[in-house]
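Below is one structure; the comments refer to it alone.
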Amino acid sequence: MLAEGLRVLLYIGEEDLVCNYEGNFLWAKDLESIFKKEFNNAPVKDFVPALVGKKQGTVRTVGPGAGNFTFLTIEDAGHMVPGDNPVAALDMLRRWLKNQPLY
């Protein structure tokens with residue numbers, strides 16, 4: 001699907017004990033895709049929601065705008081990111097839908 005242009009966003013709460021971000025990051029790095037090499041070499045940048053004005057997670061992405069393949073961690077959030085950190089979740093969603101960078 002990535003090869004056909006479908007954009008993929010993986011977002012994970014850093015305090016998620018069910019689907020921890022480290023395990024999710026490992027499979028994202030190993031995912032066979034046209035972006036694998038570029039993703040694995042991409043820098044990790046800070047995710048700073050506009051309404052908060054300070055770091056609320058990290059993002060690694062490849063592709064223009066919000067990215068074709070993006071991995072985002074969100075601080076102060078567990079398995080239910082929108083409930084745990086609603087401001088960061090809303091900022092993430094708005095930027096993703098507008099295809100704006102998440103860093």
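For the structure tokens, the naming scheme is as follows: chains receive sequential letters (A, B, ...) according to their order of presentation, residues are indexed from 1 within each chain, and ligands are indexed from 1 in presentation order.
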Quick one: contact table of segment 44-101 of chain A to segment 33-36 of chain A, 10 Å max, nearest atom pair and distance in Å to one decimal per residue, counting only C-alpha atoms, chain and number order, as CSV?
```
residue,atom,partner,partner_atom,distance
A:Thr61,CA,A:Phe35,CA,9.6
A:Val62,CA,A:Phe35,CA,7.1
A:Gly63,CA,A:Phe35,CA,8.6
A:Asn68,CA,A:Phe35,CA,8.4
A:Phe69,CA,A:Phe35,CA,7.4
```
Take the residues from that selection and write them out as a PDB file, in the first residue's frame, keeping all heavy atoms.
```
ATOM      1  N   THR A  61      10.107  10.442  10.130  1.00  0.00           N
ATOM      2  CA  THR A  61       9.233  10.429   8.962  1.00  0.00           C
ATOM      3  C   THR A  61      10.032  10.468   7.672  1.00  0.00           C
ATOM      4  O   THR A  61      11.161  10.948   7.650  1.00  0.00           O
ATOM      5  CB  THR A  61       8.242  11.618   9.027  1.00  0.00           C
ATOM      6  OG1 THR A  61       7.265  11.469   8.010  1.00  0.00           O
ATOM      7  CG2 THR A  61       8.940  12.945   8.902  1.00  0.00           C
ATOM      8  N   VAL A  62       9.424   9.952   6.618  1.00  0.00           N
ATOM      9  CA  VAL A  62       9.987  10.044   5.273  1.00  0.00           C
ATOM     10  C   VAL A  62       8.885  10.516   4.337  1.00  0.00           C
ATOM     11  O   VAL A  62       7.721  10.168   4.508  1.00  0.00           O
ATOM     12  CB  VAL A  62      10.574   8.710   4.768  1.00  0.00           C
ATOM     13  CG1 VAL A  62      11.768   8.313   5.602  1.00  0.00           C
ATOM     14  CG2 VAL A  62       9.550   7.600   4.763  1.00  0.00           C
ATOM     15  N   GLY A  63       9.272  11.338   3.385  1.00  0.00           N
ATOM     16  CA  GLY A  63       8.310  11.859   2.427  1.00  0.00           C
ATOM     17  C   GLY A  63       7.951  13.298   2.734  1.00  0.00           C
ATOM     18  O   GLY A  63       8.264  13.813   3.807  1.00  0.00           O
ATOM     19  N   ASN A  68       5.114  10.103   4.139  1.00  0.00           N
ATOM     20  CA  ASN A  68       4.476   8.927   3.558  1.00  0.00           C
ATOM     21  C   ASN A  68       4.445   7.797   4.584  1.00  0.00           C
ATOM     22  O   ASN A  68       3.514   6.999   4.616  1.00  0.00           O
ATOM     23  CB  ASN A  68       5.238   8.456   2.316  1.00  0.00           C
ATOM     24  CG  ASN A  68       5.175   9.470   1.208  1.00  0.00           C
ATOM     25  OD1 ASN A  68       6.032  10.334   1.108  1.00  0.00           O
ATOM     26  ND2 ASN A  68       4.151   9.380   0.387  1.00  0.00           N
ATOM     27  N   PHE A  69       5.497   7.735   5.393  1.00  0.00           N
ATOM     28  CA  PHE A  69       5.594   6.737   6.452  1.00  0.00           C
ATOM     29  C   PHE A  69       6.141   7.454   7.673  1.00  0.00           C
ATOM     30  O   PHE A  69       7.269   7.945   7.672  1.00  0.00           O
ATOM     31  CB  PHE A  69       6.500   5.583   6.025  1.00  0.00           C
ATOM     32  CG  PHE A  69       6.534   4.437   6.997  1.00  0.00           C
ATOM     33  CD1 PHE A  69       5.371   3.774   7.344  1.00  0.00           C
ATOM     34  CD2 PHE A  69       7.719   4.022   7.559  1.00  0.00           C
ATOM     35  CE1 PHE A  69       5.391   2.714   8.238  1.00  0.00           C
ATOM     36  CE2 PHE A  69       7.754   2.959   8.449  1.00  0.00           C
ATOM     37  CZ  PHE A  69       6.584   2.309   8.789  1.00  0.00           C
TER      38      PHE A  69
END
```
Q: Tell me which protein, DNA and RNA residues are within 10 Å of Asn99 of chain A, counting only C-alpha atoms, leaving out same-chain ones fewer than 2 positions away, and put them as an NGL selection string.
A: :A and (7 or 64-68 or 93-97 or 101-102)
Write to file, as a PDB file, in the first residue's frame, the residues of the selection just made, with N, CA, C and O atoms.
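Writing done, so here's part.pdb:
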```pdb
ATOM      1  N   ARG A   7      -0.523   6.977   2.582  1.00  0.00           N
ATOM      2  CA  ARG A   7       0.283   7.486   3.687  1.00  0.00           C
ATOM      3  C   ARG A   7      -0.036   6.708   4.955  1.00  0.00           C
ATOM      4  O   ARG A   7      -1.194   6.405   5.225  1.00  0.00           O
ATOM      5  N   PRO A  64       7.287  13.953   1.802  1.00  0.00           N
ATOM      6  CA  PRO A  64       6.949  15.365   1.965  1.00  0.00           C
ATOM      7  C   PRO A  64       5.823  15.586   2.967  1.00  0.00           C
ATOM      8  O   PRO A  64       5.066  14.665   3.292  1.00  0.00           O
ATOM      9  N   GLY A  65       5.721  16.822   3.450  1.00  0.00           N
ATOM     10  CA  GLY A  65       4.641  17.187   4.364  1.00  0.00           C
ATOM     11  C   GLY A  65       4.687  16.380   5.642  1.00  0.00           C
ATOM     12  O   GLY A  65       5.725  16.278   6.287  1.00  0.00           O
ATOM     13  N   ALA A  66       3.558  15.796   6.002  1.00  0.00           N
ATOM     14  CA  ALA A  66       3.482  14.974   7.208  1.00  0.00           C
ATOM     15  C   ALA A  66       4.160  13.625   7.003  1.00  0.00           C
ATOM     16  O   ALA A  66       4.375  12.883   7.952  1.00  0.00           O
ATOM     17  N   GLY A  67       4.498  13.310   5.762  1.00  0.00           N
ATOM     18  CA  GLY A  67       5.233  12.084   5.478  1.00  0.00           C
ATOM     19  C   GLY A  67       4.401  11.015   4.812  1.00  0.00           C
ATOM     20  O   GLY A  67       3.183  11.007   4.904  1.00  0.00           O
ATOM     21  N   ASN A  68       5.114  10.103   4.139  1.00  0.00           N
ATOM     22  CA  ASN A  68       4.476   8.927   3.558  1.00  0.00           C
ATOM     23  C   ASN A  68       4.445   7.797   4.584  1.00  0.00           C
ATOM     24  O   ASN A  68       3.514   6.999   4.616  1.00  0.00           O
ATOM     25  N   LEU A  93      -3.510  15.004  14.646  1.00  0.00           N
ATOM     26  CA  LEU A  93      -4.566  14.720  13.662  1.00  0.00           C
ATOM     27  C   LEU A  93      -4.753  15.875  12.682  1.00  0.00           C
ATOM     28  O   LEU A  93      -4.846  15.661  11.468  1.00  0.00           O
ATOM     29  N   ARG A  94      -4.785  17.088  13.186  1.00  0.00           N
ATOM     30  CA  ARG A  94      -4.943  18.247  12.309  1.00  0.00           C
ATOM     31  C   ARG A  94      -3.811  18.341  11.298  1.00  0.00           C
ATOM     32  O   ARG A  94      -4.029  18.560  10.112  1.00  0.00           O
ATOM     33  N   ARG A  95      -2.586  18.206  11.787  1.00  0.00           N
ATOM     34  CA  ARG A  95      -1.431  18.315  10.888  1.00  0.00           C
ATOM     35  C   ARG A  95      -1.420  17.174   9.878  1.00  0.00           C
ATOM     36  O   ARG A  95      -1.106  17.380   8.710  1.00  0.00           O
ATOM     37  N   TRP A  96      -1.742  15.958  10.335  1.00  0.00           N
ATOM     38  CA  TRP A  96      -1.736  14.807   9.432  1.00  0.00           C
ATOM     39  C   TRP A  96      -2.751  14.992   8.304  1.00  0.00           C
ATOM     40  O   TRP A  96      -2.442  14.764   7.136  1.00  0.00           O
ATOM     41  N   LEU A  97      -3.952  15.411   8.658  1.00  0.00           N
ATOM     42  CA  LEU A  97      -4.996  15.586   7.649  1.00  0.00           C
ATOM     43  C   LEU A  97      -4.674  16.713   6.667  1.00  0.00           C
ATOM     44  O   LEU A  97      -5.087  16.661   5.518  1.00  0.00           O
ATOM     45  N   PRO A 101       4.041  18.969   8.245  1.00  0.00           N
ATOM     46  CA  PRO A 101       5.047  18.257   9.042  1.00  0.00           C
ATOM     47  C   PRO A 101       4.676  18.176  10.523  1.00  0.00           C
ATOM     48  O   PRO A 101       4.101  19.111  11.078  1.00  0.00           O
ATOM     49  N   LEU A 102       5.013  17.058  11.124  1.00  0.00           N
ATOM     50  CA  LEU A 102       4.715  16.840  12.552  1.00  0.00           C
ATOM     51  C   LEU A 102       5.876  17.248  13.452  1.00  0.00           C
ATOM     52  O   LEU A 102       5.877  16.933  14.621  1.00  0.00           O
TER      53      LEU A 102
END
```
Q | Test item, strand (DSSP E or B) assignment across chain A, answer as a list in words | A |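 Residues meeting the strand (DSSP E or B) criterion: Val8, Leu9, Leu10, Tyr11, Ile12, Gly13, Lys45, Asp46, Gly57, Thr58, Val59, Arg60, Thr61, Val62, Phe69, Thr70, Phe71, Leu72, Thr73 and Ile74 of chain A.
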Selection file, N, CA and C atoms, as a PDB file, in the first residue's frame:
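The resulting part04.pdb:
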```
ATOM      1  N   VAL A   8       1.005   6.417   5.746  1.00  0.00           N
ATOM      2  CA  VAL A   8       0.829   5.635   6.968  1.00  0.00           C
ATOM      3  C   VAL A   8       1.390   6.408   8.152  1.00  0.00           C
ATOM      4  N   LEU A   9       0.571   6.561   9.189  1.00  0.00           N
ATOM      5  CA  LEU A   9       0.976   7.191  10.442  1.00  0.00           C
ATOM      6  C   LEU A   9       0.851   6.167  11.555  1.00  0.00           C
ATOM      7  N   LEU A  10       1.951   5.889  12.222  1.00  0.00           N
ATOM      8  CA  LEU A  10       1.947   5.043  13.409  1.00  0.00           C
ATOM      9  C   LEU A  10       2.162   5.967  14.601  1.00  0.00           C
ATOM     10  N   TYR A  11       1.185   6.061  15.476  1.00  0.00           N
ATOM     11  CA  TYR A  11       1.375   6.889  16.673  1.00  0.00           C
ATOM     12  C   TYR A  11       1.159   6.024  17.908  1.00  0.00           C
ATOM     13  N   ILE A  12       2.035   6.221  18.880  1.00  0.00           N
ATOM     14  CA  ILE A  12       2.061   5.370  20.054  1.00  0.00           C
ATOM     15  C   ILE A  12       2.301   6.218  21.282  1.00  0.00           C
ATOM     16  N   GLY A  13       1.532   5.998  22.319  1.00  0.00           N
ATOM     17  CA  GLY A  13       1.781   6.649  23.602  1.00  0.00           C
ATOM     18  C   GLY A  13       3.016   6.040  24.251  1.00  0.00           C
ATOM     19  N   LYS A  45      13.043  13.719  15.269  1.00  0.00           N
ATOM     20  CA  LYS A  45      12.816  15.129  15.574  1.00  0.00           C
ATOM     21  C   LYS A  45      11.779  15.256  16.683  1.00  0.00           C
ATOM     22  N   ASP A  46      11.741  16.415  17.311  1.00  0.00           N
ATOM     23  CA  ASP A  46      10.768  16.675  18.370  1.00  0.00           C
ATOM     24  C   ASP A  46       9.389  16.961  17.784  1.00  0.00           C
ATOM     25  N   GLY A  57       6.738  14.638  22.334  1.00  0.00           N
ATOM     26  CA  GLY A  57       7.045  13.343  21.752  1.00  0.00           C
ATOM     27  C   GLY A  57       8.133  13.475  20.708  1.00  0.00           C
ATOM     28  N   THR A  58       8.288  12.408  19.926  1.00  0.00           N
ATOM     29  CA  THR A  58       9.286  12.400  18.861  1.00  0.00           C
ATOM     30  C   THR A  58       8.656  11.877  17.580  1.00  0.00           C
ATOM     31  N   VAL A  59       9.261  12.261  16.463  1.00  0.00           N
ATOM     32  CA  VAL A  59       8.736  11.841  15.165  1.00  0.00           C
ATOM     33  C   VAL A  59       9.895  11.470  14.246  1.00  0.00           C
ATOM     34  N   ARG A  60       9.697  10.400  13.524  1.00  0.00           N
ATOM     35  CA  ARG A  60      10.611   9.988  12.448  1.00  0.00           C
ATOM     36  C   ARG A  60       9.735   9.798  11.229  1.00  0.00           C
ATOM     37  N   THR A  61      10.107  10.442  10.130  1.00  0.00           N
ATOM     38  CA  THR A  61       9.233  10.429   8.962  1.00  0.00           C
ATOM     39  C   THR A  61      10.032  10.468   7.672  1.00  0.00           C
ATOM     40  N   VAL A  62       9.424   9.952   6.618  1.00  0.00           N
ATOM     41  CA  VAL A  62       9.987  10.044   5.273  1.00  0.00           C
ATOM     42  C   VAL A  62       8.885  10.516   4.337  1.00  0.00           C
ATOM     43  N   PHE A  69       5.497   7.735   5.393  1.00  0.00           N
ATOM     44  CA  PHE A  69       5.594   6.737   6.452  1.00  0.00           C
ATOM     45  C   PHE A  69       6.141   7.454   7.673  1.00  0.00           C
ATOM     46  N   THR A  70       5.320   7.565   8.703  1.00  0.00           N
ATOM     47  CA  THR A  70       5.645   8.380   9.870  1.00  0.00           C
ATOM     48  C   THR A  70       5.429   7.589  11.145  1.00  0.00           C
ATOM     49  N   PHE A  71       6.402   7.693  12.051  1.00  0.00           N
ATOM     50  CA  PHE A  71       6.332   7.049  13.361  1.00  0.00           C
ATOM     51  C   PHE A  71       6.402   8.149  14.412  1.00  0.00           C
ATOM     52  N   LEU A  72       5.364   8.259  15.224  1.00  0.00           N
ATOM     53  CA  LEU A  72       5.256   9.327  16.213  1.00  0.00           C
ATOM     54  C   LEU A  72       5.021   8.739  17.595  1.00  0.00           C
ATOM     55  N   THR A  73       5.820   9.178  18.558  1.00  0.00           N
ATOM     56  CA  THR A  73       5.550   8.831  19.956  1.00  0.00           C
ATOM     57  C   THR A  73       4.984  10.060  20.640  1.00  0.00           C
ATOM     58  N   ILE A  74       4.077   9.828  21.581  1.00  0.00           N
ATOM     59  CA  ILE A  74       3.447  10.933  22.298  1.00  0.00           C
ATOM     60  C   ILE A  74       3.650  10.729  23.797  1.00  0.00           C
TER      61      ILE A  74
END
```
Q: Run DSSP on the backbone of this structure and report the residues of segment 19-73 of chain A it assigns to alpha helix (DSSP H), as an MDAnalysis selection string.
A: chainID A and resid 21:30 36:41
Q) segment 16-32 of chain A: which residues within 8 Å, counting only C-alpha atoms, same-chain residues fewer than 6 positions away excluded, as a list in words? A)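 Listing them by chain and then by number gives Phe39, Asn40, Phe71, Thr73, Ala77, Gly78 and His79 of chain A.
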**Q.** Point-to-point distance from atom CA of Asp84 of chain A to atom CA of Glu15 of chain A, Å rounded to tenths
**A.**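 For atom CA of Asp84 of chain A relative to atom CA of Glu15 of chain A, the distance reads 9.8 Å.
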Q) When you draw a straight line from atom CA of Glu14 of chain A to atom CA of Lys98 of chain A, how long is it in Å? A) 24.4 Å
Q: Tell me, in Å to one decimal, how far atom CA of Gly53 of chain A is from atom CA of Asp91 of chain A.
A: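 Computing it gives 11.3 Å between the two atoms.
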